[in-house]
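Participant: So here's work17.csv, just CSV, C-alpha atoms:
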```csv
chain,number,residue,atom,x,y,z
L,1,MET,CA,-9.2,10.6,-23.7
L,2,SER,CA,-12.5,11.9,-25.1
L,3,ASN,CA,-14.9,13.7,-22.9
L,4,LYS,CA,-17.4,10.8,-23.3
L,5,ALA,CA,-14.8,8.3,-22.2
L,6,ALA,CA,-13.6,10.5,-19.3
L,7,GLY,CA,-17.2,10.9,-18.1
L,8,ALA,CA,-17.8,7.2,-18.3
L,9,LEU,CA,-14.6,6.3,-16.4
L,10,THR,CA,-15.4,8.9,-13.6
L,11,ALA,CA,-19.0,7.7,-13.3
L,12,LYS,CA,-18.1,4.0,-13.2
L,13,ALA,CA,-15.3,4.4,-10.6
L,14,LYS,CA,-17.6,6.4,-8.3
L,15,ALA,CA,-20.4,3.8,-8.8
L,16,MET,CA,-17.9,1.0,-8.0
L,17,PHE,CA,-16.9,2.8,-4.8
L,18,GLY,CA,-20.5,3.0,-3.9
L,19,LYS,CA,-20.5,-0.9,-3.7
L,20,ARG,CA,-17.6,-0.9,-1.2
L,21,ILE,CA,-17.5,-2.9,2.0
L,22,ARG,CA,-19.5,-0.9,4.6
L,23,THR,CA,-19.2,-0.6,8.4
L,24,GLU,CA,-21.9,-3.3,8.9
L,25,ASP,CA,-19.9,-5.7,6.6
L,26,TYR,CA,-16.7,-5.2,8.7
L,27,GLN,CA,-18.7,-5.7,11.9
L,28,ALA,CA,-20.2,-8.9,10.5
L,29,MET,CA,-16.7,-10.2,9.5
L,30,LEU,CA,-15.2,-9.3,12.9
L,31,GLN,CA,-17.7,-11.7,14.5
L,32,LYS,CA,-16.6,-14.7,12.4
L,33,LYS,CA,-14.6,-17.4,14.1
L,34,THR,CA,-12.7,-18.8,11.1
L,35,VAL,CA,-11.2,-17.8,7.8
L,36,ALA,CA,-13.7,-20.1,6.1
L,37,GLU,CA,-16.6,-18.1,7.7
L,38,VAL,CA,-15.1,-14.8,6.4
L,39,ALA,CA,-14.6,-16.3,2.9
L,40,SER,CA,-18.3,-17.4,3.0
L,41,TYR,CA,-19.4,-13.9,4.0
L,42,LEU,CA,-17.3,-12.3,1.2
L,43,LYS,CA,-18.6,-14.8,-1.3
L,44,ASN,CA,-22.3,-14.5,-0.5
L,45,ASP,CA,-22.8,-11.0,0.9
L,46,THR,CA,-20.4,-8.6,-0.8
L,47,TYR,CA,-19.3,-7.6,-4.3
L,48,PHE,CA,-16.4,-10.1,-4.1
L,49,ASN,CA,-19.0,-12.8,-5.0
L,50,GLU,CA,-17.8,-12.9,-8.6
L,51,VAL,CA,-14.1,-13.5,-8.0
L,52,LEU,CA,-15.0,-16.0,-5.2
L,53,ALA,CA,-17.8,-17.8,-7.1
L,54,GLY,CA,-15.8,-21.0,-7.7
L,55,ILE,CA,-14.1,-21.4,-4.3
L,56,ASN,CA,-14.9,-24.0,-1.6
L,57,GLU,CA,-14.9,-21.6,1.3
L,58,LYS,CA,-14.5,-24.5,3.8
L,59,SER,CA,-11.1,-25.4,2.5
L,60,ILE,CA,-9.6,-22.2,1.2
L,61,HIS,CA,-6.4,-21.1,2.8
L,62,ARG,CA,-6.0,-17.5,4.0
L,63,GLY,CA,-3.1,-16.9,1.5
L,64,GLN,CA,-5.3,-18.1,-1.4
L,65,LEU,CA,-8.2,-15.9,-0.2
L,66,GLU,CA,-6.0,-12.8,0.0
L,67,ALA,CA,-4.6,-13.6,-3.5
L,68,LEU,CA,-8.1,-13.8,-5.0
L,69,ILE,CA,-9.2,-10.6,-3.4
L,70,ARG,CA,-6.1,-8.8,-4.7
L,71,GLN,CA,-6.8,-10.3,-8.1
L,72,ASP,CA,-10.3,-8.8,-8.1
L,73,LEU,CA,-8.7,-5.4,-7.4
L,74,PHE,CA,-6.5,-5.8,-10.5
L,75,GLN,CA,-9.5,-6.8,-12.5
L,76,ARG,CA,-11.4,-3.7,-11.4
L,77,PHE,CA,-8.4,-1.6,-12.4
L,78,SER,CA,-8.3,-3.3,-15.8
L,79,SER,CA,-12.0,-2.7,-16.4
L,80,LEU,CA,-11.6,1.0,-15.7
L,81,MET,CA,-8.5,1.2,-17.9
L,82,ARG,CA,-10.6,0.2,-20.9
L,83,TYR,CA,-12.1,3.8,-20.7
L,84,ALA,CA,-8.7,5.4,-20.4
L,85,ASN,CA,-7.6,5.2,-24.0
L,86,SER,CA,-5.0,8.0,-23.8
L,87,PRO,CA,-1.3,8.7,-24.3
L,88,LYS,CA,-0.9,8.8,-20.5
L,89,GLY,CA,-0.8,5.0,-20.3
L,90,GLY,CA,2.8,5.1,-18.8
L,91,PHE,CA,1.4,6.8,-15.7
L,92,TYR,CA,-0.9,3.9,-15.0
L,93,ARG,CA,2.1,1.6,-14.6
L,94,TYR,CA,2.4,3.0,-11.1
L,95,GLY,CA,0.5,0.0,-9.7
L,96,ILE,CA,2.6,-2.5,-11.6
L,97,ILE,CA,5.9,-0.9,-10.4
L,98,GLU,CA,4.6,-0.8,-6.8
L,99,ASN,CA,3.6,-4.5,-7.0
L,100,GLU,CA,7.0,-5.5,-8.5
L,101,ILE,CA,8.7,-3.8,-5.6
L,102,HIS,CA,6.4,-5.4,-3.1
L,103,GLN,CA,7.2,-8.8,-4.5
L,104,ILE,CA,10.9,-8.2,-4.5
L,105,LEU,CA,10.8,-7.3,-0.8
L,106,ASN,CA,8.5,-10.2,0.1
L,107,CYS,CA,10.9,-12.5,-1.8
L,108,ILE,CA,13.8,-11.2,0.3
L,109,ARG,CA,11.8,-11.7,3.5
L,110,SER,CA,11.0,-15.3,2.4
L,111,PHE,CA,14.6,-16.4,1.9
L,112,GLU,CA,15.8,-14.5,5.0
L,113,SER,CA,13.2,-16.2,7.1
L,114,LYS,CA,13.1,-19.5,5.1
L,115,ASP,CA,9.3,-19.2,5.0
L,116,TYR,CA,8.6,-19.7,1.3
L,117,MET,CA,5.1,-21.1,1.3
L,118,GLN,CA,3.3,-18.0,2.6
L,119,PHE,CA,5.1,-15.9,-0.1
L,120,ILE,CA,4.3,-18.3,-2.9
L,121,GLU,CA,0.6,-18.6,-1.9
L,122,LYS,CA,0.1,-14.9,-2.2
L,123,MET,CA,2.1,-14.4,-5.4
L,124,PRO,CA,0.1,-12.4,-8.0
L,125,THR,CA,1.0,-14.4,-11.1
L,126,TYR,CA,-2.0,-12.9,-12.8
L,127,LEU,CA,0.2,-9.7,-13.3
L,128,GLU,CA,2.8,-11.5,-15.3
L,129,LEU,CA,1.7,-10.1,-18.7
L,130,GLN,CA,2.3,-6.6,-17.3
L,131,THR,CA,5.5,-7.0,-15.2
L,132,SER,CA,9.1,-6.3,-16.2
L,133,PHE,CA,10.2,-9.7,-14.8
L,134,LYS,CA,8.5,-13.1,-14.4
L,135,ILE,CA,6.8,-13.0,-11.0
L,136,SER,CA,6.5,-16.8,-10.9
L,137,ASP,CA,10.3,-17.1,-11.1
L,138,LEU,CA,10.5,-15.6,-7.6
L,139,ALA,CA,9.0,-18.8,-6.3
L,140,LYS,CA,12.3,-20.6,-7.0
L,141,VAL,CA,14.5,-18.0,-5.4
L,142,ARG,CA,16.4,-19.2,-2.3
L,143,SER,CA,19.3,-16.6,-2.2
L,144,PHE,CA,20.2,-13.1,-3.0
L,145,ASP,CA,22.1,-14.1,-6.1
L,146,GLU,CA,19.1,-16.0,-7.5
L,147,LEU,CA,17.0,-12.9,-6.9
L,148,LEU,CA,19.4,-10.7,-8.8
L,149,ASP,CA,19.3,-13.2,-11.7
L,150,VAL,CA,15.5,-12.9,-11.9
L,151,ILE,CA,15.6,-9.1,-11.9
L,152,SER,CA,18.9,-8.7,-13.7
L,153,HIS,CA,17.4,-6.9,-16.8
L,154,THR,CA,15.4,-4.4,-14.7
L,155,ASP,CA,16.0,-1.1,-13.1
L,156,TYR,CA,15.6,-2.8,-9.7
L,157,ALA,CA,18.8,-4.8,-10.0
L,158,PRO,CA,21.4,-2.1,-9.4
L,159,ILE,CA,19.3,-0.8,-6.5
L,160,VAL,CA,19.0,-4.2,-4.8
L,161,ARG,CA,22.6,-5.2,-5.6
L,162,GLN,CA,24.1,-2.4,-3.5
L,163,PHE,CA,22.6,-4.1,-0.4
L,164,LYS,CA,24.2,-7.5,-1.0
L,165,THR,CA,25.9,-8.7,2.1
L,166,VAL,CA,29.2,-10.6,2.5
L,167,HIS,CA,30.8,-12.5,5.3
L,168,GLY,CA,27.4,-13.1,7.1
L,169,GLU,CA,26.5,-9.4,7.8
L,170,ASP,CA,22.9,-8.5,8.6
L,171,PHE,CA,20.9,-7.5,5.6
L,172,ASP,CA,19.8,-3.9,5.6
L,173,PHE,CA,16.2,-4.5,4.8
L,174,THR,CA,15.1,-1.0,5.9
L,175,GLY,CA,17.7,0.6,3.6
L,176,CYS,CA,16.8,-1.6,0.7
L,177,GLU,CA,13.1,-0.9,1.1
L,178,SER,CA,13.7,2.9,1.3
L,179,ALA,CA,15.8,2.8,-1.8
L,180,LEU,CA,13.2,0.9,-3.8
L,181,ARG,CA,10.4,3.2,-2.5
L,182,ASN,CA,12.4,6.2,-3.5
L,183,TYR,CA,12.8,4.7,-7.0
L,184,TYR,CA,9.1,4.1,-7.2
L,185,PHE,CA,8.1,7.7,-6.2
L,186,ASP,CA,10.9,9.3,-8.3
L,187,THR,CA,9.6,7.3,-11.4
L,188,VAL,CA,6.0,8.2,-10.9
L,189,LEU,CA,6.7,11.9,-10.2
L,190,LYS,CA,8.8,12.2,-13.3
L,191,ILE,CA,5.9,10.7,-15.4
L,192,ILE,CA,3.5,13.1,-13.8
L,193,ASP,CA,5.8,16.1,-14.5
L,194,SER,CA,6.2,14.9,-18.1
L,195,ASP,CA,2.7,13.9,-19.1
L,196,PHE,CA,0.4,16.2,-17.1
L,197,SER,CA,-0.1,19.9,-16.6
L,198,GLY,CA,-2.2,22.4,-14.6
L,199,LYS,CA,-4.6,21.4,-11.9
L,200,GLU,CA,-4.4,17.8,-12.9
L,201,LYS,CA,-0.6,17.7,-12.4
L,202,GLU,CA,-0.9,19.6,-9.1
L,203,ASP,CA,-3.5,17.1,-7.7
L,204,LEU,CA,-1.6,14.0,-8.8
L,205,ARG,CA,1.6,15.3,-7.3
L,206,ASP,CA,-0.4,16.1,-4.1
L,207,ILE,CA,-1.6,12.5,-3.8
L,208,PHE,CA,1.8,11.0,-4.3
L,209,LEU,CA,3.8,13.6,-2.3
L,210,THR,CA,1.3,13.0,0.6
L,211,GLN,CA,2.0,9.3,0.5
L,212,ILE,CA,5.8,10.0,0.6
L,213,GLU,CA,5.5,12.5,3.5
L,214,LEU,CA,3.3,10.2,5.6
L,215,GLU,CA,5.5,7.3,4.9
L,216,ASN,CA,8.4,9.5,6.2
L,217,ILE,CA,6.4,10.2,9.4
L,218,THR,CA,5.7,6.5,9.9
L,219,LYS,CA,9.3,5.6,9.3
L,220,ILE,CA,10.6,8.2,11.7
L,221,TYR,CA,8.2,6.9,14.4
L,222,ARG,CA,9.1,3.3,14.0
L,223,LEU,CA,12.9,3.9,13.9
L,224,LYS,CA,12.7,6.0,17.0
L,225,LYS,CA,10.2,3.7,18.9
L,226,TYR,CA,11.5,0.3,18.1
L,227,PHE,CA,15.1,0.7,17.1
L,228,GLU,CA,16.4,3.9,18.8
L,229,THR,CA,18.0,4.8,15.5
L,230,PRO,CA,20.3,7.9,15.6
L,231,SER,CA,19.0,11.0,14.0
L,232,ASN,CA,21.6,11.1,11.2
L,233,ARG,CA,20.7,7.6,10.2
L,234,ILE,CA,16.9,8.4,10.1
L,235,LYS,CA,17.6,11.4,7.8
L,236,GLU,CA,19.4,9.0,5.4
L,237,LEU,CA,16.4,6.6,5.3
L,238,ILE,CA,13.6,9.1,4.7
L,239,SER,CA,12.7,10.5,1.2
L,240,PRO,CA,13.9,14.1,0.6
L,241,VAL,CA,10.5,15.3,-0.3
L,242,HIS,CA,8.4,18.0,1.4
L,243,LEU,CA,4.8,19.0,1.0
L,244,ARG,CA,3.0,20.0,4.1
L,245,PHE,CA,6.1,19.5,6.3
L,246,SER,CA,9.2,21.6,5.4
L,247,LYS,CA,12.7,20.2,5.7
L,248,LYS,CA,13.0,22.3,8.9
L,249,ASP,CA,9.9,20.7,10.3
L,250,LEU,CA,11.2,17.2,9.6
L,251,ASP,CA,14.6,18.0,11.0
L,252,TYR,CA,12.9,19.3,14.2
L,253,ILE,CA,10.8,16.1,14.5
L,254,ILE,CA,13.8,13.9,14.0
L,255,ASP,CA,16.1,15.8,16.3
L,256,ASN,CA,13.8,16.8,19.1
L,257,CYS,CA,10.5,14.7,19.2
L,258,SER,CA,10.1,11.4,20.9
L,259,ALA,CA,8.2,8.7,19.0
L,260,ASP,CA,5.0,9.4,21.1
L,261,GLU,CA,5.2,13.1,20.6
L,262,LEU,CA,4.8,12.6,16.9
L,263,PHE,CA,1.1,11.9,17.4
L,264,ASP,CA,0.6,15.4,18.9
L,265,TYR,CA,2.8,17.0,16.2
L,266,LEU,CA,0.7,15.3,13.5
L,267,SER,CA,-2.6,16.4,15.0
L,268,LYS,CA,-1.5,20.0,15.0
L,269,SER,CA,0.1,20.0,11.6
L,270,ALA,CA,-1.4,20.9,8.2
L,271,TYR,CA,-2.9,17.4,8.2
L,272,LYS,CA,-5.1,18.2,11.2
L,273,ASN,CA,-8.3,18.4,9.1
L,274,TYR,CA,-7.8,14.9,7.8
L,275,THR,CA,-7.1,13.2,11.2
L,276,ASP,CA,-9.7,11.9,13.7
L,277,ASN,CA,-9.8,11.9,17.5
L,278,GLN,CA,-8.6,8.4,18.0
L,279,ARG,CA,-5.8,8.4,20.6
L,280,PHE,CA,-3.0,5.9,21.5
L,281,ILE,CA,-3.5,3.9,18.2
L,282,TYR,CA,-0.4,2.9,16.2
L,283,ILE,CA,1.1,5.5,13.9
L,284,GLU,CA,0.2,3.6,10.7
L,285,TYR,CA,-3.5,4.0,11.6
L,286,HIS,CA,-3.1,7.8,11.7
L,287,THR,CA,-1.1,8.2,8.6
L,288,LYS,CA,-3.3,5.8,6.6
L,289,LYS,CA,-6.4,7.5,7.9
L,290,ILE,CA,-5.1,10.8,6.7
L,291,ASN,CA,-4.4,9.3,3.2
L,292,TYR,CA,-7.8,7.7,3.1
L,293,ASN,CA,-9.6,11.0,4.0
L,294,ILE,CA,-7.6,12.9,1.4
L,295,ASN,CA,-8.4,10.4,-1.3
L,296,ARG,CA,-12.1,10.3,-0.4
L,297,ARG,CA,-12.1,14.0,-0.9
L,298,HIS,CA,-10.5,13.7,-4.3
L,299,LEU,CA,-13.0,11.0,-5.3
L,300,ALA,CA,-16.0,12.9,-4.1
L,301,PHE,CA,-15.2,16.3,-5.6
L,302,SER,CA,-13.0,15.7,-8.7
L,303,ASN,CA,-14.4,15.1,-12.2
L,304,ASN,CA,-10.9,14.5,-13.6
L,305,PRO,CA,-10.8,10.8,-14.7
L,306,ASP,CA,-7.1,10.4,-13.8
L,307,ILE,CA,-7.6,11.7,-10.3
L,308,VAL,CA,-10.8,9.7,-9.8
L,309,LEU,CA,-9.2,6.5,-11.0
L,310,LEU,CA,-6.1,6.9,-8.8
L,311,SER,CA,-8.1,7.8,-5.7
L,312,TYR,CA,-10.5,4.9,-6.2
L,313,MET,CA,-7.6,2.4,-6.5
L,314,LEU,CA,-5.9,3.8,-3.4
L,315,LEU,CA,-9.1,3.6,-1.4
L,316,SER,CA,-9.7,0.1,-2.7
L,317,GLU,CA,-6.2,-1.0,-1.7
L,318,THR,CA,-7.1,0.2,1.8
L,319,GLU,CA,-10.3,-1.9,1.7
L,320,VAL,CA,-8.3,-5.0,0.7
L,321,GLN,CA,-5.8,-4.4,3.5
L,322,ASN,CA,-8.8,-4.2,6.0
L,323,ILE,CA,-10.0,-7.6,4.9
L,324,VAL,CA,-6.5,-9.0,5.1
L,325,ASP,CA,-6.2,-7.6,8.6
L,326,ILE,CA,-9.4,-9.3,9.6
L,327,ILE,CA,-8.4,-12.6,8.1
L,328,GLU,CA,-5.0,-12.5,9.8
L,329,GLY,CA,-6.5,-11.4,13.1
L,330,ILE,CA,-9.0,-14.3,13.1
L,331,ARG,CA,-6.3,-16.7,12.1
L,332,TYR,CA,-4.2,-15.7,15.1
L,333,ARG,CA,-7.2,-15.5,17.5
L,334,ILE,CA,-6.9,-11.7,18.1
L,335,ALA,CA,-9.9,-10.2,19.9
L,336,PRO,CA,-12.4,-8.5,17.5
L,337,GLU,CA,-12.0,-5.1,19.2
L,338,LYS,CA,-8.2,-5.2,18.6
L,339,ILE,CA,-8.6,-6.1,15.0
L,340,GLU,CA,-11.2,-3.3,14.5
L,341,ARG,CA,-8.6,-0.7,15.6
L,342,LEU,CA,-6.5,-1.6,12.6
L,343,LEU,CA,-9.3,-0.9,10.1
L,344,ILE,CA,-9.4,2.3,8.0
L,345,TYR,CA,-12.8,3.3,6.6
```
For the structure just supplied, provide its representation as structure tokens.
Facilitator:
Amino acid sequence: MSNKAAGALTAKAKAMFGKRIRTEDYQAMLQKKTVAEVASYLKNDTYFNEVLAGINEKSIHRGQLEALIRQDLFQRFSSLMRYANSPKGGFYRYGIIENEIHQILNCIRSFESKDYMQFIEKMPTYLELQTSFKISDLAKVRSFDELLDVISHTDYAPIVRQFKTVHGEDFDFTGCESALRNYYFDTVLKIIDSDFSGKEKEDLRDIFLTQIELENITKIYRLKKYFETPSNRIKELISPVHLRFSKKDLDYIIDNCSADELFDYLSKSAYKNYTDNQRFIYIEYHTKKINYNINRRHLAFSNNPDIVLLSYMLLSETEVQNIVDIIEGIRYRIAPEKIERLLIY
């Protein structure tokens, strides 16, 4: 990438982040009573006006609204990629790989629960020119074997196939999800090690290793809190990656800490400068807030286009999830103050 293109990408990404949803926007949406009112606000009062320009906000379904918002995120990524004319294009497939895994897991949920419509409504068919299998084919899947047929030619097939059940056993969703996430991170880290060097490589690895480590903490908490999972099983399900927590630290947490003690452990760890003083909020809030603060720091202080682009996209994904949480909360009549506790900004 030329210096001129790198400078243009960095400046554009930072300018786009400057147009993000602000505190006052979230507060305004939290006061809405219906999904239609949220859609109207997004269409008329935020930068989502372009992607929502043609909708009838009075009749749009929440699944359709979420799909359009996610489509806008992909379009923003595509617009920034026009400046990234470099041999590192393989790295930028990280978003496609993550989306593919997300769709596979959502497909499994849909035929396990027999709830197909919600999955189909949110399906990102706009990604099909980029994906390794045809996303829209998942809409027809009603069984594990049909899913394996759709992904048969991909790297995902052997990973998913090992979790196929027989004789009516319970599907190990947590194990399957862990295996696919491990594949995702292994693939991305190999690309980073191959295609990058120096400070750029170090910072990219830090961003992804932080994600892995915080996903480990979240997984440990949930397995302890809700499933009383034995320590040896927890150790099988987490990724064998360490950054700010050593293997000794994680083994100590798994073997000796209760779920609730994890909050204190996290607040006193190497992540303490990226946490806030919110107490008694679910673990995902804390781990996502740490990730958000780290990525904001990268976006603010880095002039490296790869770091800036990745940080911007991760921050934007958090913003999209905030909007989805508001939409879902309003749909299920959750009190605004409870929805607000889910939001990361």
Participant: How would you write as a PDB file with C-alpha atoms, keeping the file's coordinate frame the residues that get within 12 Å of (-8.8, 16.2, 13.4) in the file's frame, counting all atoms listed in the file?
Facilitator:
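Now in point19.pdb:
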```pdb
ATOM      1  CA  PHE L 263       1.100  11.900  17.400  1.00  0.00           C
ATOM      2  CA  ASP L 264       0.600  15.400  18.900  1.00  0.00           C
ATOM      3  CA  TYR L 265       2.800  17.000  16.200  1.00  0.00           C
ATOM      4  CA  LEU L 266       0.700  15.300  13.500  1.00  0.00           C
ATOM      5  CA  SER L 267      -2.600  16.400  15.000  1.00  0.00           C
ATOM      6  CA  LYS L 268      -1.500  20.000  15.000  1.00  0.00           C
ATOM      7  CA  SER L 269       0.100  20.000  11.600  1.00  0.00           C
ATOM      8  CA  ALA L 270      -1.400  20.900   8.200  1.00  0.00           C
ATOM      9  CA  TYR L 271      -2.900  17.400   8.200  1.00  0.00           C
ATOM     10  CA  LYS L 272      -5.100  18.200  11.200  1.00  0.00           C
ATOM     11  CA  ASN L 273      -8.300  18.400   9.100  1.00  0.00           C
ATOM     12  CA  TYR L 274      -7.800  14.900   7.800  1.00  0.00           C
ATOM     13  CA  THR L 275      -7.100  13.200  11.200  1.00  0.00           C
ATOM     14  CA  ASP L 276      -9.700  11.900  13.700  1.00  0.00           C
ATOM     15  CA  ASN L 277      -9.800  11.900  17.500  1.00  0.00           C
ATOM     16  CA  GLN L 278      -8.600   8.400  18.000  1.00  0.00           C
ATOM     17  CA  ARG L 279      -5.800   8.400  20.600  1.00  0.00           C
ATOM     18  CA  HIS L 286      -3.100   7.800  11.700  1.00  0.00           C
ATOM     19  CA  LYS L 289      -6.400   7.500   7.900  1.00  0.00           C
ATOM     20  CA  ILE L 290      -5.100  10.800   6.700  1.00  0.00           C
ATOM     21  CA  ASN L 293      -9.600  11.000   4.000  1.00  0.00           C
TER      22      ASN L 293
END
```
Participant: As a list in words, please: the residues near Ser302 in chain L (cut-off 12 Å, only C-alpha atoms, same-chain neighbours under 6 positions excluded).
Facilitator: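 Here the answer would be Ala6, Gly7, Thr10, Ala11, Ala13, Lys14, Lys199, Glu200, Asp203, Leu204, Ile294, Asn295, Arg296, Val308, Leu309, Leu310, Ser311 and Tyr312 of chain L.
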Participant: For CA of Arg181 in chain L and CA of Leu9 in chain L, determine how far apart the two atoms are, in Å to one decimal place.
Facilitator: 28.8 Å
Participant: Nearest to Ile192 in chain L: which of L:Ile217, L:Ala179, L:Leu209, L:Leu314 is it, counting only C-alpha atoms?
Facilitator: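 When distances to Ile192 in chain L are compared using only C-alpha atoms, the smallest one comes from L:Leu209.
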Participant: Record the distance separating CA of Lys247 in chain L and CA of Glu213 in chain L, expressed in Å with one decimal.
Facilitator: 10.8 Å
Participant: Please identify all polymer residues within 10 Å of Thr131 in chain L, counting all atoms listed in the file, omitting same-chain residues fewer than 4 positions from it, and present them as a CSV table (one decimal) with C-alpha atoms, keeping the file's coordinate frame.
Facilitator:
```
chain,number,residue,atom,x,y,z
L,93,ARG,CA,2.1,1.6,-14.6
L,96,ILE,CA,2.6,-2.5,-11.6
L,97,ILE,CA,5.9,-0.9,-10.4
L,99,ASN,CA,3.6,-4.5,-7.0
L,100,GLU,CA,7.0,-5.5,-8.5
L,125,THR,CA,1.0,-14.4,-11.1
L,126,TYR,CA,-2.0,-12.9,-12.8
L,127,LEU,CA,0.2,-9.7,-13.3
L,135,ILE,CA,6.8,-13.0,-11.0
```
Participant: If we count all atoms listed in the file, what is near Gly329 in chain L at a cut-off of 9 Å, once residues fewer than 5 positions away on the same chain are taken out, given as an MDAnalysis selection string?
Facilitator: chainID L and resid 30 324 334:336 338:339
Participant: Show me, as JSON, numbers by chain, the residues that have an atom within 9 Å of range 50-67 of chain L when counting all atoms listed in the file, minus same-chain residues fewer than 6 positions from it.
Facilitator: {"L": [35, 36, 37, 38, 39, 40, 42, 43, 44, 118, 119, 120, 121, 122, 123, 124, 320, 323, 324, 327, 328, 331]}
Participant: Skip Thr318 in chain L itself and residues of its chain fewer than 5 positions away, then list as a ChimeraX atom specification all residues within 9 Å of it, counting only C-alpha atoms.
Facilitator: /L:288,292,313,323,343-345
